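Enquirer: Sharing a structure, written as structure tokens. Questions coming.
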Amino acid sequence: MLHRNAIRAYQQAEQDFFVDGADAHGLVEILYRELISALERAEAAIAAKDYALRAQEVTRALTIIYVLGSSLDFEKGGEVAVSLGQFYEWARVNVIEASRVASAERLETVRKAVADIADAWRSIANRAE
């Protein structure tokens with residue numbers, strides 16, 4: 001699965017490549033945390049049949065996915081950037097489809113995959129300490 005490739009890429013990458021400074025690394029960590037929260041809220045909105053909240057949280061999630069994807073440096077990032085780009089595209093497509101068919105389960109799948117990536121991202125910071 002794509003998220004496993006991205007996790008593996010993070011685990012194999014050198015720390016210095018990803019972390020230009022604590023601020024940049026911390027920002028990505030915040031984006032992951034906010035993405036996970038938006039997906040959780042969208043799942044709850046689907047369960048509650050709150051269409052306005054679902055639309056709001058799906059839009060928030062898609063915006064964060066866009067920001068994460070647009071921040072990739074494919075020249076420097078090589079295989080890691082490509083894997084992450086594919087993962088973000090997978091997440092985007094699945095969030096849109098989950099919203100379209102009101103599938104909390106599909107959002108949960110995306111949320112769990114993002115959580116795996118976020119854990120890998122945090123492990124880079126932990127190794128740098």
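Going through the structure tokens in order, the chains are called A, B, and so on, while each chain numbers its residues from 1 and the ligands are numbered from 1 in the order shown.
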Just the residues within 8 Å of segment 32-35 of chain A, please, counting only C-alpha atoms, with nothing from its chain fewer than 3 positions along; format it as a short mmCIF file (atom, residue, chain, number, x, y, z; two decimals) with C-alpha atoms, in the first residue's frame.

Expert:
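Dumped to part-v2.cif:
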data_model
loop_
_atom_site.label_atom_id
_atom_site.label_comp_id
_atom_site.auth_asym_id
_atom_site.auth_seq_id
_atom_site.Cartn_x
_atom_site.Cartn_y
_atom_site.Cartn_z
CA VAL A 28 4.52 19.42 9.08
CA GLU A 29 3.79 17.70 12.38
CA ALA A 38 -10.34 17.12 10.55
CA LEU A 39 -10.84 13.54 9.40
CA ARG A 60 -10.24 21.42 5.70
CA ALA A 61 -8.74 17.95 5.21
CA ILE A 64 -4.17 20.29 4.38
CA ILE A 65 -3.50 17.42 1.97
CA ARG A 111 -7.07 8.79 8.94
CA VAL A 114 -2.15 9.48 7.85
CA ALA A 115 -1.55 8.61 11.50
CA ALA A 118 2.64 11.15 11.13
#

Enquirer: Applying 12 Å and only C-alpha atoms, which residues near segment 91-104 of chain A remain after dropping the ones on its own chain fewer than 6 positions away? List them as a PyMOL selection string.

Expert: chain A and resi 1-3+35-36+38-69+84-85+110-115+117

Enquirer: Just give me the gap between atom CA of Glu75 of chain A and atom CA of Ser123 of chain A in Å, one decimal is fine.

Expert: 23.4 Å

Enquirer: For a test of reading the model, state the distance in Å between atom CA of Asp119 of chain A and atom CA of Gly26 of chain A, rounded to one decimal.

Expert: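 Spanning atom CA of Asp119 of chain A to atom CA of Gly26 of chain A is a straight-line distance of 12.9 Å.
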